Amino acid sequence: MSLNEEVELLRSIPLFANIEPSKLKLLAFTSERLAFQEGQSLFHQGDIGDAAYLVVDGTADVVIEGPDDTRITVAQIERNAFVGEIAILCDVPRTATITATSKLDTLRISKDLFFRLVNEFPTMAVEIMRELAHRQEQSNLQLTKANQRIRELENGAG
Amino acid sequence: MEKTIFGYVWRFSRRQQITMTLMSAASLPFLYLFYEVPKTIINEAIQGVGVEYPLNLGEKLTVSIFGLDIPLLGPFDLIVDQAPYLFILCGIFLLLVGVNQGFKFVINVYKGLTGERMLRRLRFELYGRVLRFPLPTFKKMSQGEIIPMITAEVEPLGGFIGDAFSLPAFQGGYLATILTFLFLQDWRMAAAAVSLYPLQLWLIPKLQRKVNLLGKERVARVRRLSDKIGETVQGVQEAHAHDTSNFVLANFADQLFWIYGVRERIYRQKFVIKFLNNSIQQLGPFAFYAIGGYFVIEGQLEIGTLVAAIAAHKDLAAPWKELLNYYQMQADATIKYDQVISQFGPVGMRGPDYQLVQPDDLSPLSGELAATNLTLNDDQDAPVVDGVSLRLSLEKRYAIVGSGGSGKEELTLLLARLLDPDNGNLNIGGNDAALLPEAVTGRRIAHVGATAFTFAGSIADNLFLGLKHRPLAPADYDEAGAKQRAIYVDEARRSGNIEYDLHADWIDYAAAGVDDAASLRQAGLVALKRIGMDEEVYQFGLRGTIDPAARTDLAEAILRARAGLRQHMADDPALLDLVEGFDGAAYNMNASVGENLIFGNPVGDALDVEHLAEHPYVLDVLEQVGLTEQFLSVGFQVASTMVELFADLPSDHELFQQFSFISADELPDIQALLQRSDRANLSALPDEDRGRLMSLPFKLIPARHRLGLVDDDLQDKVLEARRYFAANLPDDLTKSVEFFDADKYNASANIQDNILFGKVAYGQAQAADRVGVLISQVVEELGLHGTVAEVGLSFEVGIAGSRLSTAQRQKLSLARALLKRPDILILSEATASLDSATQAGIIDALLADFDGRCLIWAVQRVSMASGFDEILVMRQGRLMERGSFAELSESNEYVKEMLASE
């Protein structure tokens with residue numbers, strides 16, 4: 001896939017939709033195209049975050065490792081997903097492990113470049129906020145469900 | 001050493017000095033004749049004064065000594081006329097010229113050689129003394145001071161030594177000869193000629209004394225200057241880090257100012273002396289003209305005598321001047337000698353036998369190491385180690401614990417005999433340690449400190465250094481080499497240097513428990529493995545090159561590994577994408593266009609991969625296969641893309657350095673170039689612009705840059721260019737490139753690249769790591785790991801090991817200590833610079849290794865001591881308590897305190 005196709009791909013993602021094409025081209029050119037084999041991990045929970053990934057093709061599992069080696073798959077991602085941005089935004093260790101479940105094609109965007117773009121394009125920041133808020137909402141929803149379930153179980157037990 | 005330079009010269013070159021003096025003396029009669037013959041030529045042969053022709057030479061050349069007539073020509077009569085007599089005399093004159101110059105030549109050469117040999121002896125002696133200095137001396141004396149003393153300061157002494165005795169003897173004799181001659185002619189005139197000498201003899205030493213003092217000051221100041229330079233070189237990083245360059249410069253300028261001041265005064269003084277000397281010298285003729293002239297007028301003196309006296313005075317001037325010069329030179333040399341010698345005899349210096357003598361009994365030490373009241377004071381006489389008495393079994397492992405200033409480090413140095421105690425005794429295995437030569441302590445004991453030194457050379461050189469005590473097997477020499485060696489030995493003897501042959505085999509294989517060089521390398525690798533450096537050395541080996549002609553077996557094995565790697569990749573589809581192998585008939589998407597074209601490794605500087613577009617042959621190849629236009633067009637597109645992408649970025653942005661084909665400074669030029677060029681007609685551009693555009697496509701790597709510019713057509717043409725490039729390579733370039741050949745070892749590439757024989761693919765996650773694992777796997781399968789690691793032993797470590805990390809240097813020093821299999825291994829925080837995992841590994845390995853042998857380790861943290869047989873607690877220079885770790889960590893408050901704070 002050539003640079004121009006990558007630019008097209010980037011434009012189809014809401015996060016980058018409002019960025020001018022020449023910047024997207026720079027983003028594509030300076031980002032590394034990285035392929036993962038099935039079973040390889042993009043990164044591991046607890047690692048220091050140095051880049052975010054844009055999934056160009058393929059699928060992957062987002063896994064959270066709990067205490068006692070429990071592993072919960074919290075999401076599955078596919079083409080156009082943008083992952084790994086939390087660790088570089090907040091300077092926290094990776095919050096999950098992402099493992100390819102098929103041959104996975106990605107664009108690796110380094111932390112520096114990502115920040116540069118966010119600084120230059122406020123619209124991108126807004127997009128990120130939107131995305132994060134959306135995820136927050138999802139989490140809240142799941143939390144509510146989980147609470148409800150716990151209450152049910154407790155009641156059943158009592 | 002001798003207190004004065006004359007004592008030194010007399011002791012070591014007495015014979016030469018006497019020979020030189022005798023030679024000088026022997027030359028005097030000829031010199032006298034050399035002045036005498038012209039007089040005879042003029043008086044007798046030309047003017048015919050006092051002779052009658054024909055002349056009987058037999059009679060003329062008869063000298064009478066004690067009333068005995070000795071005819072020099074024998075009992076022959078030789079009758080000559082005036083003209084033949086003239087020619088005979090002229091012939092004698094010519095002969096005398098030859099004889100005199102011959103004397104001069106022989107004496108000068110002899111003098112020079114004597115001086116140089118003495119200089120060599122002096123330098124060797126000084127250097128030998130540096131090796132015997134007690135270690136604390138180096139706290140007060142820097143290398144900046146020692147180096148100029150041994151190199152520059154003693155240099156002029158060599159010149160002086162040749163003259164030390166012979167010059168005053170010769171010139172003095174010369175002066176005396178002329179004076180005698182003069183006194184015999186007319187005593188009054190002679191007395192007048194030398195009447196001012198007493199004044200000079202009284203005045204000049206007075207003035208010279210001042211110069212001497214200044215000379216001393218100058219030497220001291222220059223020493224301080226070189227010390228400063230040495231310090232700057234060592235601390236240059238700090239100077240940059242704190243912007244103190246100006247302060248350092250000002251400091252240096254200040255020193256230069258004072259040196260200038262001293263030199264200025266020396267010059268003034270010297271020229272004052274010269275001025276007085278010359279003036280006094282000219283007083284002579286003044287006296288002759290005035291007083292002598294007056295006597296002539298009065299009729300009390302013959303005019304001839306006056307003229308002769310004036311001439312004699314002129315003759316006297318030369319040797320007298322030489323003598324005065326010698327006096328100054330002598331004063332200078334004496335100062336230099338004194339000042340150097342006074343620095344090279346510090347208190348506590350060990351005797352020469354300590355290093356030179358090798359006892360017959362070098363059997364392993366056994367029994368005990370016993371110290372009684374061991375005391376060491378620092379330079380302010382405060383005790384650092386204070387009355388330590390202990391008995392250690394040579395079959396146990398001890399840890400010494402204590403805080404930084406507890407004296408544990410100094411204690412290890414005392415036990416290793418690297419420091420001499422100010423008080424107390426040390427007994428090692430029944431021997432008084434004070435009497436043990438270095439041949440015993442340096443072989444049976446090993447000591448490694450916190451920052452051990454690594455010497456320039458290869459890893460092997462450093463690793464085997466501890467086995468090089470004496471030359472053991474002589475080097476093989478051919479006839480010429482043996483001759484050269486004999487000369488070397490002879491010269492070494494003449495100047496008291498060591499005779500050992502540097503090219504002999506010095507390695508004591510038996511000490512490492514091996515038989516030959518090959519098994520020693522294996523033992524070296526084992527020692528490195530124990531210390532956890534084997535993997536690093538293996539990596540050095542992978543990045544090392546070999547000469548396939550000299551190591552055909554290894555080159556073939558590497559080729560098998562190359563095939564093995566291919567096989568692995570063919571068997572496992574997951575690996576297939578990792579490496580794109582070199583294939584002469586295929587375009588390599590992970591290599592640059594330039595690499596694809598050359599398809600080989602440049603050797604030397606003739607072909608520079610970075611500047612292929614400037615090479616005439618490369619341009620010719622492009623032209624021949626019709627690529628020039630295409631390259632211009634692709635170059636134009638690359639340039640446009642770069643301008644489009646990077647034009648808005650600030651010029652110092654790191655993306656420029658990382659990604660742009662065009663540097664930030666060039667970008668405006670390129671922008672202008674693009675604007676003025678017509679894309680359809682790029683060939684019309686001036687040469688400089690064309691060159692710029694042409695250079696860009698060479699750097700394109702399709703898999704990495706993904707610009708979509710290297711299309712199938714271009715690839716095909718580059719392949720064609722590749723074939724043309726190889727087929728028509730001019731003769732002068734055949735040695736400049738080594739083409740990739742799947743069946744041949746590439747000598748210009750390192751081992752790893754030879755195994756890989758391709759490019760690690762871009763865009764594959766962790767490709768480099770996975771390829772590294774794969775290569776290791778292949779190397780392991782073929783049993784090549786050890787061989788590759790052996791190549792790693794040849795890795796050059798750089799000046800003071802600068803190409804190694806601090807940790808690597810330290811590990812290398814530890815392995816060096818292990819390799820010589822010491823009876824006692826003494827470590828002083830030797831692993832402090834290593835990470836804790838490596839450190840733990842080394843502790844375990846050494847504890848296992850030294851089970852039943854003696855290991856004494858001053859550890860930097862108490863918790864490291866848990867596995868030792870016994871621990872010694874040092875506090876404020878005293879041995880506080882000893883016992884097992886389990887005991888002391890419960891009972892000893894100080895140990896508990898230290899443990900708690902770790």
# chains A, B, ... in the order shown; residues from 1 in each chain; ligands from 1
>>> interface_residues(of="chain B", to="chain A", cutoff="12 Å", atoms="only C-alpha atoms", output="ChimeraX atom specification")
/B:573-578,641-649,653-661,702-711,761-767,770
>>> write_last_selection(atoms="C-alpha atoms", output="compact mmCIF listing (two decimals), in the first residue's frame")
# COMPACT_ATOMS: atom_id res chain seq x y z
CA PRO B 573 5.76 -18.96 6.83
CA ALA B 574 5.76 -16.64 9.83
CA LEU B 575 9.47 -16.06 9.29
CA LEU B 576 9.30 -15.65 5.56
CA ASP B 577 8.43 -11.96 5.72
CA LEU B 578 11.26 -11.11 8.10
CA THR B 641 7.09 15.42 -1.97
CA MET B 642 9.75 16.45 0.54
CA VAL B 643 8.98 20.11 0.02
CA GLU B 644 5.27 19.43 0.36
CA LEU B 645 5.75 17.44 3.57
CA PHE B 646 8.44 19.35 5.35
CA ALA B 647 8.19 22.94 4.16
CA ASP B 648 6.06 24.08 7.14
CA LEU B 649 8.18 22.39 9.77
CA HIS B 653 12.54 19.64 13.91
CA GLU B 654 13.67 16.11 14.56
CA LEU B 655 11.47 14.76 11.80
CA PHE B 656 13.87 16.39 9.38
CA GLN B 657 16.79 14.41 10.63
CA GLN B 658 14.82 11.22 10.87
CA PHE B 659 12.89 11.20 7.67
CA SER B 660 13.67 13.91 5.19
CA PHE B 661 15.82 13.14 2.16
CA PRO B 702 10.41 1.22 -1.41
CA ALA B 703 9.35 -0.83 1.61
CA ARG B 704 10.21 1.94 3.99
CA HIS B 705 9.27 5.13 2.19
CA ARG B 706 6.14 3.86 0.42
CA LEU B 707 6.16 6.81 -1.97
CA GLY B 708 5.11 4.53 -4.81
CA LEU B 709 7.86 5.91 -7.04
CA VAL B 710 9.84 2.73 -7.57
CA ASP B 711 7.49 1.04 -9.99
CA ALA B 761 12.28 -6.35 6.26
CA TYR B 762 10.68 -3.04 7.17
CA GLY B 763 7.23 -3.00 8.67
CA GLN B 764 7.37 -6.35 10.45
CA ALA B 765 6.84 -6.08 14.18
CA GLN B 766 10.03 -6.79 16.20
CA ALA B 767 11.71 -7.93 13.01
CA ARG B 770 13.17 -12.02 15.79
>>> residues_around(residues="B:Val621", least_positions_apart="4", cutoff="12 Å", atoms="only C-alpha atoms", output="ChimeraX atom specification")
/B:597-598,612-613,615-617,625-628,717-730
>>> closest_atom_pairs(of="stretch 509-602 of chain B", to="stretch 782-804 of chain B", cutoff="8 Å", atoms="only C-alpha atoms", output="tab-separated table")
residue	atom	partner	partner_atom	distance
B:Arg521	CA	B:Glu790	CA	6.8
B:Gln522	CA	B:Gly786	CA	7.8
B:Leu525	CA	B:Ala789	CA	7.5
B:Asp534	CA	B:Ala789	CA	7.4
B:Val537	CA	B:Gly792	CA	5.0
B:Tyr538	CA	B:Ala789	CA	4.1
B:Gln539	CA	B:Gly792	CA	7.1
B:Phe540	CA	B:Gly792	CA	4.6
B:Gly541	CA	B:Gly792	CA	3.5
B:Leu542	CA	B:Val788	CA	6.3
B:Arg543	CA	B:Gly792	CA	8.0
B:Gly544	CA	B:Gly792	CA	6.5
B:Thr545	CA	B:Val791	CA	7.9
B:Ile546	CA	B:Val791	CA	7.6
B:Leu554	CA	B:Thr787	CA	7.8
B:Ala557	CA	B:Leu784	CA	7.6
B:Ala561	CA	B:Leu782	CA	7.0
>>> residues_around(residues="stretch 119-134 of chain A", least_positions_apart="6", cutoff="7 Å", atoms="only C-alpha atoms", output="number ranges by chain")
A: 15-16, 18
>>> select_by_dssp(residues="chain A", states="strand (DSSP E or B)", output="NGL selection string")
:A and (32-36 or 41-43 or 51-57 or 60-65 or 71-77 or 82-83 or 97-100 or 104-110)
>>> write_last_selection(atoms="N, CA and C atoms", output="tab-separated table (two decimals), in the first residue's frame")
chain	number	residue	atom	x	y	z
A	32	GLU	N	5.40	4.54	11.02
A	32	GLU	CA	5.93	3.28	10.54
A	32	GLU	C	4.79	2.33	10.23
A	33	ARG	N	4.87	1.72	9.09
A	33	ARG	CA	3.89	0.70	8.75
A	33	ARG	C	4.37	-0.59	9.39
A	34	LEU	N	3.54	-1.18	10.25
A	34	LEU	CA	4.01	-2.33	11.02
A	34	LEU	C	3.02	-3.49	10.92
A	35	ALA	N	3.51	-4.64	10.52
A	35	ALA	CA	2.64	-5.81	10.41
A	35	ALA	C	2.88	-6.76	11.58
A	36	PHE	N	1.82	-7.31	12.11
A	36	PHE	CA	1.94	-8.28	13.21
A	36	PHE	C	1.39	-9.61	12.77
A	41	SER	N	1.80	-9.45	20.02
A	41	SER	CA	1.13	-8.35	20.72
A	41	SER	C	1.68	-7.01	20.27
A	42	LEU	N	0.78	-6.05	20.14
A	42	LEU	CA	1.20	-4.68	19.80
A	42	LEU	C	1.94	-4.10	20.99
A	43	PHE	N	1.36	-4.32	22.16
A	43	PHE	CA	2.01	-3.92	23.40
A	43	PHE	C	1.37	-4.68	24.56
A	51	ALA	N	3.75	4.97	21.56
A	51	ALA	CA	3.12	5.17	20.25
A	51	ALA	C	1.66	4.72	20.31
A	52	ALA	N	0.90	5.26	19.37
A	52	ALA	CA	-0.47	4.78	19.19
A	52	ALA	C	-0.54	4.05	17.86
A	53	TYR	N	-1.53	3.19	17.69
A	53	TYR	CA	-1.60	2.39	16.47
A	53	TYR	C	-2.94	2.60	15.78
A	54	LEU	N	-2.86	2.66	14.48
A	54	LEU	CA	-4.07	2.71	13.68
A	54	LEU	C	-4.15	1.38	12.94
A	55	VAL	N	-5.28	0.69	13.11
A	55	VAL	CA	-5.39	-0.62	12.46
A	55	VAL	C	-5.78	-0.42	11.00
A	56	VAL	N	-4.93	-0.87	10.12
A	56	VAL	CA	-5.20	-0.73	8.70
A	56	VAL	C	-5.99	-1.94	8.20
A	57	ASP	N	-5.64	-3.09	8.74
A	57	ASP	CA	-6.33	-4.30	8.32
A	57	ASP	C	-6.13	-5.37	9.39
A	60	ALA	N	-7.87	-7.70	16.29
A	60	ALA	CA	-7.07	-7.92	17.49
A	60	ALA	C	-7.96	-7.90	18.72
A	61	ASP	N	-7.49	-8.54	19.80
A	61	ASP	CA	-8.22	-8.56	21.07
A	61	ASP	C	-7.60	-7.55	22.02
A	62	VAL	N	-8.46	-6.85	22.76
A	62	VAL	CA	-7.97	-5.99	23.83
A	62	VAL	C	-8.20	-6.75	25.13
A	63	VAL	N	-7.11	-7.06	25.82
A	63	VAL	CA	-7.21	-7.93	26.99
A	63	VAL	C	-6.72	-7.18	28.22
A	64	ILE	N	-7.49	-7.27	29.29
A	64	ILE	CA	-7.02	-6.69	30.55
A	64	ILE	C	-6.65	-7.84	31.48
A	65	GLU	N	-5.44	-7.75	32.01
A	65	GLU	CA	-4.98	-8.81	32.90
A	65	GLU	C	-5.24	-8.38	34.34
A	71	ARG	N	-7.60	-13.13	32.81
A	71	ARG	CA	-7.52	-12.33	31.59
A	71	ARG	C	-8.93	-12.12	31.05
A	72	ILE	N	-9.28	-10.86	30.92
A	72	ILE	CA	-10.61	-10.56	30.40
A	72	ILE	C	-10.46	-9.83	29.07
A	73	THR	N	-11.08	-10.39	28.05
A	73	THR	CA	-11.07	-9.69	26.76
A	73	THR	C	-12.16	-8.64	26.80
A	74	VAL	N	-11.77	-7.36	26.80
A	74	VAL	CA	-12.78	-6.32	26.96
A	74	VAL	C	-13.30	-5.82	25.62
A	75	ALA	N	-12.55	-6.03	24.56
A	75	ALA	CA	-13.04	-5.56	23.27
A	75	ALA	C	-12.32	-6.27	22.15
A	76	GLN	N	-12.90	-6.24	20.98
A	76	GLN	CA	-12.23	-6.71	19.78
A	76	GLN	C	-12.15	-5.54	18.82
A	77	ILE	N	-11.02	-5.38	18.22
A	77	ILE	CA	-10.90	-4.22	17.32
A	77	ILE	C	-10.64	-4.70	15.91
A	82	PHE	N	-8.40	3.01	16.35
A	82	PHE	CA	-7.23	3.76	16.79
A	82	PHE	C	-7.00	3.39	18.25
A	83	VAL	N	-5.89	2.75	18.55
A	83	VAL	CA	-5.67	2.25	19.91
A	83	VAL	C	-4.32	2.71	20.46
A	97	THR	N	-3.53	-5.17	27.14
A	97	THR	CA	-2.67	-5.83	26.16
A	97	THR	C	-3.46	-6.01	24.88
A	98	ILE	N	-2.84	-5.69	23.77
A	98	ILE	CA	-3.54	-5.92	22.50
A	98	ILE	C	-2.80	-6.98	21.71
A	99	THR	N	-3.52	-8.01	21.35
A	99	THR	CA	-2.91	-9.14	20.66
A	99	THR	C	-3.65	-9.39	19.35
A	100	ALA	N	-2.85	-9.56	18.31
A	100	ALA	CA	-3.45	-9.77	16.99
A	100	ALA	C	-4.15	-11.12	16.96
A	104	LEU	N	-2.21	-8.76	11.20
A	104	LEU	CA	-2.67	-7.41	11.51
A	104	LEU	C	-1.73	-6.38	10.89
A	105	ASP	N	-2.36	-5.45	10.18
A	105	ASP	CA	-1.57	-4.42	9.52
A	105	ASP	C	-1.85	-3.09	10.23
A	106	THR	N	-0.82	-2.40	10.67
A	106	THR	CA	-1.07	-1.17	11.44
A	106	THR	C	-0.19	-0.03	10.95
A	107	LEU	N	-0.56	1.16	11.38
A	107	LEU	CA	0.30	2.33	11.19
A	107	LEU	C	0.65	2.80	12.60
A	108	ARG	N	1.98	2.83	12.86
A	108	ARG	CA	2.42	3.17	14.22
A	108	ARG	C	2.75	4.65	14.26
A	109	ILE	N	2.00	5.37	15.10
A	109	ILE	CA	2.20	6.82	15.17
A	109	ILE	C	2.91	7.15	16.48
A	110	SER	N	4.08	7.76	16.36
A	110	SER	CA	4.87	7.97	17.58
A	110	SER	C	4.26	9.06	18.44
>>> select_by_dssp(residues="chain A", states="helix (DSSP H, G or I)", output="MDAnalysis selection string")
chainID A and resid 3:11 14:16 21:30 67:69 85:90 111:120 122:157
>>> closest_residue(among="A:Pro67, A:Glu154, A:Ala81, A:Thr59", to="A:Pro14", atoms="only C-alpha atoms")
A:Ala81
>>> closest_residue(among="A:Gln136, A:Thr101, A:Ser12, A:Gln148", to="A:Gly58", atoms="only C-alpha atoms")
A:Thr101
>>> residues_around(residues="stretch 210-222 of chain B", least_positions_apart="6", cutoff="7 Å", atoms="only C-alpha atoms", output="list in words")
Ile259, Val262, Ile266, Gln269, Ala331, Asp332 and Ile335 of chain B
>>> residues_around(residues="stretch 295-311 of chain B", least_positions_apart="2", cutoff="12 Å", atoms="only C-alpha atoms", output="PyMOL selection string")
chain B and resi 35+178-179+181-194+282-293+313-317
>>> residues_around(residues="stretch 499-509 of chain B", least_positions_apart="5", cutoff="8 Å", atoms="only C-alpha atoms", output="JSON, numbers by chain")
{"B": [464, 467, 468, 469, 470, 471, 472, 473, 474, 475, 488, 489, 492, 493, 514, 515, 516, 517, 520]}
>>> residues_around(residues="stretch 86-92 of chain A", least_positions_apart="4", cutoff="7 Å", atoms="only C-alpha atoms", output="list in words")
Gly49, Asp50, Ala51 and Lys111 of chain A
